[in-house]
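*Asks:* Enclosed is the structure file data27.csv (CSV, C-alpha atoms and all ligand atoms).
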```csv
chain,number,residue,atom,x,y,z
A,899,MET,CA,-19.7,-23.7,24.9
A,900,PRO,CA,-20.9,-27.0,23.6
A,901,THR,CA,-22.3,-26.9,20.1
A,902,THR,CA,-25.4,-28.9,19.2
A,903,ARG,CA,-23.2,-32.1,19.2
A,904,PRO,CA,-21.2,-31.9,22.4
A,905,ARG,CA,-18.1,-34.0,22.7
A,906,ILE,CA,-18.3,-36.2,25.8
A,907,GLY,CA,-15.4,-38.3,27.0
A,908,VAL,CA,-15.5,-41.6,28.8
A,909,LEU,CA,-12.8,-42.1,31.5
A,910,ALA,CA,-11.1,-45.2,30.0
A,911,LEU,CA,-9.2,-46.6,33.0
A,912,GLN,CA,-11.7,-49.4,33.6
A,913,GLY,CA,-15.2,-50.4,32.9
A,914,ASP,CA,-17.7,-50.3,30.0
A,915,VAL,CA,-16.1,-47.6,27.9
A,916,ARG,CA,-17.3,-48.9,24.6
A,917,GLU,CA,-20.9,-49.3,25.8
A,918,HIS,CA,-21.0,-45.8,27.3
A,919,ARG,CA,-19.6,-44.3,24.1
A,920,ALA,CA,-22.3,-46.1,22.0
A,921,MET,CA,-25.0,-44.8,24.3
A,922,LEU,CA,-23.6,-41.2,24.1
A,923,GLU,CA,-23.4,-41.4,20.3
A,924,HIS,CA,-26.9,-42.6,20.1
A,925,VAL,CA,-28.3,-39.7,22.1
A,926,GLY,CA,-26.5,-37.2,19.9
A,927,ALA,CA,-23.0,-36.6,21.4
A,928,SER,CA,-19.7,-37.4,19.9
A,929,SER,CA,-17.5,-39.5,22.2
A,930,SER,CA,-13.9,-40.1,23.0
A,931,ALA,CA,-11.9,-42.2,25.4
A,932,VAL,CA,-10.1,-40.1,28.1
A,933,ARG,CA,-7.0,-41.4,29.8
A,934,ARG,CA,-4.6,-38.4,29.6
A,935,PRO,CA,-4.9,-34.8,30.9
A,936,SER,CA,-4.8,-33.5,27.3
A,937,GLU,CA,-7.7,-35.8,26.3
A,938,LEU,CA,-9.7,-34.4,29.3
A,939,GLU,CA,-9.1,-30.9,28.1
A,940,ALA,CA,-10.7,-31.7,24.8
A,941,VAL,CA,-14.2,-32.6,26.1
A,942,ASP,CA,-17.4,-30.8,27.0
A,943,GLY,CA,-18.4,-33.5,29.5
A,944,LEU,CA,-17.2,-36.8,31.0
A,945,VAL,CA,-18.6,-40.1,32.0
A,946,ILE,CA,-16.9,-42.1,34.8
A,947,PRO,CA,-17.9,-45.7,34.3
A,948,GLY,CA,-18.5,-48.4,36.9
A,949,GLY,CA,-15.7,-50.8,37.9
A,950,GLU,CA,-13.9,-51.0,41.2
A,951,SER,CA,-13.4,-47.6,42.8
A,952,THR,CA,-10.3,-48.6,44.7
A,953,THR,CA,-8.6,-49.7,41.5
A,954,MET,CA,-9.9,-46.7,39.5
A,955,TYR,CA,-8.4,-44.4,42.1
A,956,LYS,CA,-5.0,-46.1,41.8
A,957,LEU,CA,-5.1,-46.1,38.0
A,958,ALA,CA,-6.1,-42.4,38.0
A,959,ARG,CA,-3.0,-41.7,40.1
A,960,ALA,CA,-0.8,-43.9,37.9
A,961,PHE,CA,-2.0,-42.1,34.7
A,962,GLU,CA,-1.6,-38.8,36.4
A,963,VAL,CA,-5.1,-37.8,35.6
A,964,PHE,CA,-6.4,-37.7,39.2
A,965,ASP,CA,-5.4,-34.1,39.9
A,966,PRO,CA,-6.5,-32.9,36.5
A,967,LEU,CA,-9.9,-34.5,37.1
A,968,ARG,CA,-10.2,-32.6,40.4
A,969,GLN,CA,-9.3,-29.5,38.6
A,970,ALA,CA,-11.9,-30.1,35.9
A,971,ILE,CA,-14.6,-30.6,38.6
A,972,GLY,CA,-13.5,-27.3,40.2
A,973,ASP,CA,-13.8,-25.6,36.8
A,974,GLY,CA,-17.3,-26.9,36.4
A,975,LEU,CA,-16.9,-29.6,33.8
A,976,PRO,CA,-20.2,-31.7,33.6
A,977,ILE,CA,-19.4,-35.2,34.8
A,978,PHE,CA,-21.7,-38.3,35.1
A,979,GLY,CA,-20.5,-41.0,37.5
A,980,THR,CA,-22.0,-44.5,37.4
A,981,CYS,CA,-21.6,-46.9,40.2
A,982,ALA,CA,-17.8,-46.8,41.0
A,983,GLY,CA,-18.0,-43.4,39.2
A,984,MET,CA,-20.6,-42.3,41.7
A,985,ILE,CA,-18.1,-43.3,44.5
A,986,MET,CA,-15.4,-41.3,42.8
A,987,LEU,CA,-17.6,-38.1,42.8
A,988,ALA,CA,-18.7,-38.4,46.4
A,989,ASP,CA,-17.3,-36.0,48.9
A,990,ARG,CA,-17.4,-38.6,51.6
A,991,LEU,CA,-17.4,-42.5,51.7
A,992,GLU,CA,-18.6,-45.2,54.1
A,993,ALA,CA,-16.8,-48.6,53.8
A,994,ALA,CA,-13.9,-47.1,51.9
A,995,ILE,CA,-10.6,-49.0,52.0
A,996,ASP,CA,-7.7,-47.5,53.8
A,997,GLY,CA,-6.1,-44.7,51.8
A,998,GLN,CA,-8.9,-44.6,49.2
A,999,GLU,CA,-9.5,-41.1,48.0
A,1000,THR,CA,-12.3,-39.7,45.9
A,1001,LEU,CA,-12.3,-36.8,43.4
A,1002,GLY,CA,-15.3,-35.3,45.3
A,1003,GLY,CA,-17.6,-32.6,44.0
A,1004,LEU,CA,-20.9,-34.1,45.0
A,1005,ASP,CA,-22.0,-33.1,48.5
A,1006,ILE,CA,-23.1,-36.7,49.3
A,1007,VAL,CA,-22.1,-39.6,51.6
A,1008,VAL,CA,-21.9,-42.8,49.6
A,1009,ARG,CA,-21.8,-46.3,51.1
A,1010,ARG,CA,-19.8,-48.8,49.0
A,1011,ASN,CA,-21.2,-52.3,48.4
A,1012,ALA,CA,-24.3,-51.1,50.2
A,1013,PHE,CA,-26.9,-53.6,49.2
A,1014,GLY,CA,-25.2,-56.5,50.9
A,1015,ARG,CA,-24.2,-60.0,49.8
A,1016,GLN,CA,-27.8,-61.3,49.3
A,1017,VAL,CA,-28.5,-58.7,46.6
A,1018,ASP,CA,-25.0,-58.3,45.2
A,1019,SER,CA,-26.5,-57.8,41.8
A,1020,PHE,CA,-30.1,-57.1,41.0
A,1021,GLU,CA,-32.5,-55.2,38.7
A,1022,ALA,CA,-35.3,-52.9,39.6
A,1023,GLU,CA,-37.8,-50.6,38.0
A,1024,LEU,CA,-37.3,-46.9,39.0
A,1025,GLU,CA,-39.1,-43.7,38.7
A,1026,VAL,CA,-36.3,-41.3,37.6
A,1027,SER,CA,-37.1,-37.6,37.6
A,1028,GLY,CA,-36.3,-35.8,34.3
A,1029,ILE,CA,-36.3,-38.8,32.0
A,1030,ASP,CA,-38.5,-38.8,28.8
A,1031,GLY,CA,-41.6,-40.8,28.7
A,1032,ALA,CA,-43.9,-42.4,31.3
A,1033,ASP,CA,-42.3,-45.8,31.3
A,1034,PRO,CA,-40.3,-46.7,34.5
A,1035,TYR,CA,-36.6,-47.1,34.1
A,1036,HIS,CA,-35.2,-50.6,34.3
A,1037,ALA,CA,-32.0,-50.3,36.3
A,1038,VAL,CA,-29.1,-52.8,36.7
A,1039,PHE,CA,-27.2,-52.8,40.0
A,1040,ILE,CA,-23.8,-54.6,40.4
A,1041,ARG,CA,-22.2,-54.5,43.9
A,1042,ALA,CA,-23.7,-51.1,43.9
A,1043,PRO,CA,-23.3,-48.2,46.3
A,1044,TRP,CA,-26.2,-46.1,47.6
A,1045,VAL,CA,-26.3,-42.5,48.7
A,1046,GLU,CA,-26.6,-42.3,52.4
A,1047,LYS,CA,-26.9,-38.6,52.9
A,1048,VAL,CA,-27.3,-35.6,50.6
A,1049,GLY,CA,-26.4,-31.9,51.1
A,1050,ASP,CA,-28.9,-29.1,50.7
A,1051,ASP,CA,-28.0,-28.4,47.1
A,1052,VAL,CA,-28.3,-32.0,45.9
A,1053,GLU,CA,-31.3,-33.0,43.9
A,1054,ILE,CA,-32.5,-36.6,44.3
A,1055,LEU,CA,-33.4,-38.1,40.9
A,1056,ALA,CA,-34.4,-41.6,42.0
A,1057,ARG,CA,-34.9,-43.9,45.0
A,1058,VAL,CA,-35.4,-47.7,45.2
A,1059,ALA,CA,-39.2,-48.2,45.2
A,1060,SER,CA,-39.6,-51.5,47.1
A,1061,GLY,CA,-37.9,-54.4,48.9
A,1062,PRO,CA,-35.5,-54.2,51.8
A,1063,ALA,CA,-33.7,-51.2,50.3
A,1064,ALA,CA,-36.9,-49.2,49.6
A,1065,GLY,CA,-36.3,-45.5,49.8
A,1066,ARG,CA,-32.6,-45.7,49.3
A,1067,ILE,CA,-31.2,-42.9,47.0
A,1068,VAL,CA,-29.7,-44.2,43.8
A,1069,ALA,CA,-29.5,-41.2,41.5
A,1070,VAL,CA,-28.6,-37.6,42.2
A,1071,ARG,CA,-27.6,-34.3,40.6
A,1072,GLN,CA,-25.9,-31.2,41.8
A,1073,GLY,CA,-25.1,-28.4,39.3
A,1074,PRO,CA,-23.0,-30.0,36.5
A,1075,LEU,CA,-22.5,-33.3,38.3
A,1076,MET,CA,-24.7,-36.3,38.3
A,1077,ALA,CA,-24.4,-39.9,39.5
A,1078,THR,CA,-26.3,-43.2,39.5
A,1079,SER,CA,-25.7,-46.3,41.6
A,1080,PHE,CA,-26.7,-48.4,38.6
A,1081,HIS,CA,-25.2,-49.1,35.2
A,1082,PRO,CA,-27.2,-47.2,32.5
A,1083,GLU,CA,-25.0,-48.6,29.7
A,1084,MET,CA,-26.3,-52.1,30.3
A,1085,THR,CA,-29.8,-51.9,28.8
A,1086,GLY,CA,-31.1,-50.6,25.5
A,1087,ASP,CA,-32.7,-47.6,27.4
A,1088,HIS,CA,-30.8,-44.4,26.5
A,1089,ARG,CA,-32.8,-42.0,28.6
A,1090,ILE,CA,-30.3,-41.6,31.4
A,1091,HIS,CA,-27.5,-40.7,28.9
A,1092,GLY,CA,-30.1,-38.3,27.5
A,1093,ILE,CA,-30.4,-36.5,30.8
A,1094,PHE,CA,-26.7,-36.1,31.0
A,1095,LEU,CA,-26.5,-34.8,27.4
A,1096,ASP,CA,-29.1,-32.1,28.4
A,1097,LEU,CA,-27.0,-31.3,31.4
A,1098,VAL,CA,-23.8,-30.9,29.2
A,1099,ARG,CA,-25.8,-28.6,26.9
A,1100,GLN,CA,-26.9,-26.4,29.8
A,1101,HIS,CA,-23.4,-25.9,31.1
A,1201,LIG,N1,-18.3,-52.2,44.3
A,1201,LIG,C1,-17.6,-51.3,43.5
A,1201,LIG,C2,-16.7,-50.3,44.2
A,1201,LIG,O1,-16.8,-50.2,45.4
A,1201,LIG,C3,-18.5,-50.6,42.5
A,1201,LIG,C4,-19.2,-51.6,41.6
A,1201,LIG,C5,-19.5,-51.1,40.2
A,1201,LIG,O2,-19.0,-50.1,39.8
A,1201,LIG,N2,-20.3,-51.9,39.5
A,1201,LIG,O3,-16.0,-49.6,43.6
```
Have the structure of the file written as structure tokens, please.
Ligand code: GLN

*Replies:*
Amino acid sequence: MPTTRPRIGVLALQGDVREHRAMLEHVGASSSAVRRPSELEAVDGLVIPGGESTTMYKLARAFEVFDPLRQAIGDGLPIFGTCAGMIMLADRLEAAIDGQETLGGLDIVVRRNAFGRQVDSFEAELEVSGIDGADPYHAVFIRAPWVEKVGDDVEILARVASGPAAGRIVAVRQGPLMATSFHPEMTGDHRIHGIFLDLVRQH
């Protein structure tokens, strides 16, 4: 079981690996880059960063870490997927490319590039359940997915508050897995990584 300073890996195939590691260290975890199955075995939790899910899928296959990741999910490893990482954790996808597979684990349907061209990238204030403090969370979205459907065991942590996408689900948790549509490593607000650290400590 994790000690008071859990070791959290960041899947280092693509994306903001350094930024996620800095956030994790700040909230009290130790961090490492994970590319190989042996590196995956050494962690108490894992972050899957944003990027391009189709590329990440191919790289995970190329590095032979795709099946070990599925195994780790089956074994109950806490994993936090952000943006493309959310796509990787979804059981089902809308707007996937041909042959694109996910790791799965979260009983959700995720739509890729859901917010459309007009709002390719945007920022929004969110109420996120479980974060410390009363201040809203300032979220950065980049060609982001949203969660179109959730299963009964999925807890909704945040929805878009206003605008054309009002009500859309952008953060979820189910057991040891959590996911956000947005990029929590891109602001100075560490509270989302804090929630994940709590989740790692509980499992
Ligand atoms: N649009 C990307 C995808 O489908 C995700 C974008 C992101 O991770 N910022 O994989």

*Asks:* List every protein, DNA or RNA residue that has at least one atom no more than 9 Å from (-13.0, -48.8, 30.7) in the file's coordinates, counting only C-alpha atoms, and write the result as number ranges by chain.

*Replies:* A: 908-916, 931, 946-949

*Asks:* Just want the residues within 9 Å of ligand LIG 1201 (chain A), written as number ranges by chain, counting all atoms listed in the file.

*Replies:* A: 913, 947-954, 980-986, 993-994, 1009-1012, 1019, 1039-1043, 1079-1081

*Asks:* Write out as JSON, numbers by chain the residues lying within 8 Å of Glu1053 in chain A, counting only C-alpha atoms and excluding same-chain residues fewer than 3 positions away.

*Replies:* {"A": [1070, 1071, 1072]}

*Asks:* Which one is closest to Ile1006 in chain A: A:Pro1074, A:Gly1049, A:Pro935, A:Gly1086? Count all atoms listed in the file.

*Replies:*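 Answer, going by the shortest atom-to-atom distance: A:Gly1049.
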
*Asks:* Of the candidates A:Ser928, A:Asp973, A:Arg933, A:Gly979, which one gets nearest to Arg959 in chain A if we count only C-alpha atoms?

*Replies:* A:Arg933

*Asks:* Residues near Arg1089 in chain A, anyone? I mean within 10 Å using all atoms listed in the file, not counting same-chain ones fewer than 3 positions away, as a list of chain:residue names.

*Replies:* A:Met921, A:Val925, A:Val1026, A:Gly1028, A:Ile1029, A:Asp1030, A:Gly1031, A:Tyr1035, A:Pro1082, A:Gly1086, A:Gly1092, A:Ile1093, A:Phe1094, A:Leu1095

*Asks:* For a test of reading the model, state the distance in Å between CA of Arg968 in chain A and CA of Val1008 in chain A, rounded to one decimal.

*Replies:*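 Pair CA of Arg968 in chain A / CA of Val1008 in chain A returns 18.0 Å.
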
*Asks:* For a cutoff of 12 Å around the file-coordinate point (-31.6, -38.5, 49.5), which residues qualify once you count all atoms listed in the file? I'd like the result as a PyMOL selection string.

*Replies:* chain A and resi 1005-1008+1044-1058+1064-1071

*Asks:* In Å, rounded to a single decimal, give me how far CA of Ser930 in chain A is from CA of Gly907 in chain A.

*Replies:*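 Here the two named atoms are 4.6 Å from each other.
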
*Asks:* Write out as an MDAnalysis selection string which residues come within 10 Å of Leu975 in chain A when counting all atoms listed in the file, dropping same-chain ones fewer than 2 positions away.

*Replies:* chainID A and resid 938:939 941:944 967:973 977 1073:1075 1098 1101

*Asks:* CA of Ser1060 in chain A and CA of Leu1004 in chain A are how many Å apart?

*Replies:*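 Separation between CA of Ser1060 in chain A and CA of Leu1004 in chain A: 25.6 Å.
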
*Asks:* Tell me which of A:Asp1087, A:Glu917, A:Asp1096, A:Glu937 sits closest to Asp1033 in chain A, counting all atoms listed in the file.

*Replies:*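 For Asp1033 in chain A, the nearest of the candidates is A:Asp1087.
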
*Asks:* Need to verify the contact set: His924 in chain A, 10 Å, all atoms listed in the file, exclusion of same-chain residues closer than 6 positions in sequence. Can you return it as a PDB file with C-alpha atoms, in the coordinates of the input?

*Replies:*
```pdb
ATOM      1  CA  HIS A 918     -21.000 -45.800  27.300  1.00  0.00           C
ATOM      2  CA  HIS A1088     -30.800 -44.400  26.500  1.00  0.00           C
ATOM      3  CA  HIS A1091     -27.500 -40.700  28.900  1.00  0.00           C
ATOM      4  CA  GLY A1092     -30.100 -38.300  27.500  1.00  0.00           C
TER       5      GLY A1092
END
```

*Asks:* Using only C-alpha atoms, can you tell me which of A:Ala1059, A:Ala920, A:Phe978, A:Val1038 comes closest to Leu1097 in chain A?

*Replies:*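 Closest to Leu1097 in chain A, using only C-alpha atoms: A:Phe978.
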
*Asks:* Rank nothing, just name the residue among A:Arg1099, A:Lys956, A:Arg934, A:His1036 nearest to Gln998 in chain A, using only C-alpha atoms.

*Replies:* A:Lys956

*Asks:* Looking at A:Ala940, A:Ala958, A:Leu1001, A:Ala1037, which one is nearest to Phe1020 in chain A, with distances taken over all atoms listed in the file?

*Replies:*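 Counting all atoms listed in the file, the residue closest to Phe1020 in chain A is A:Ala1037.
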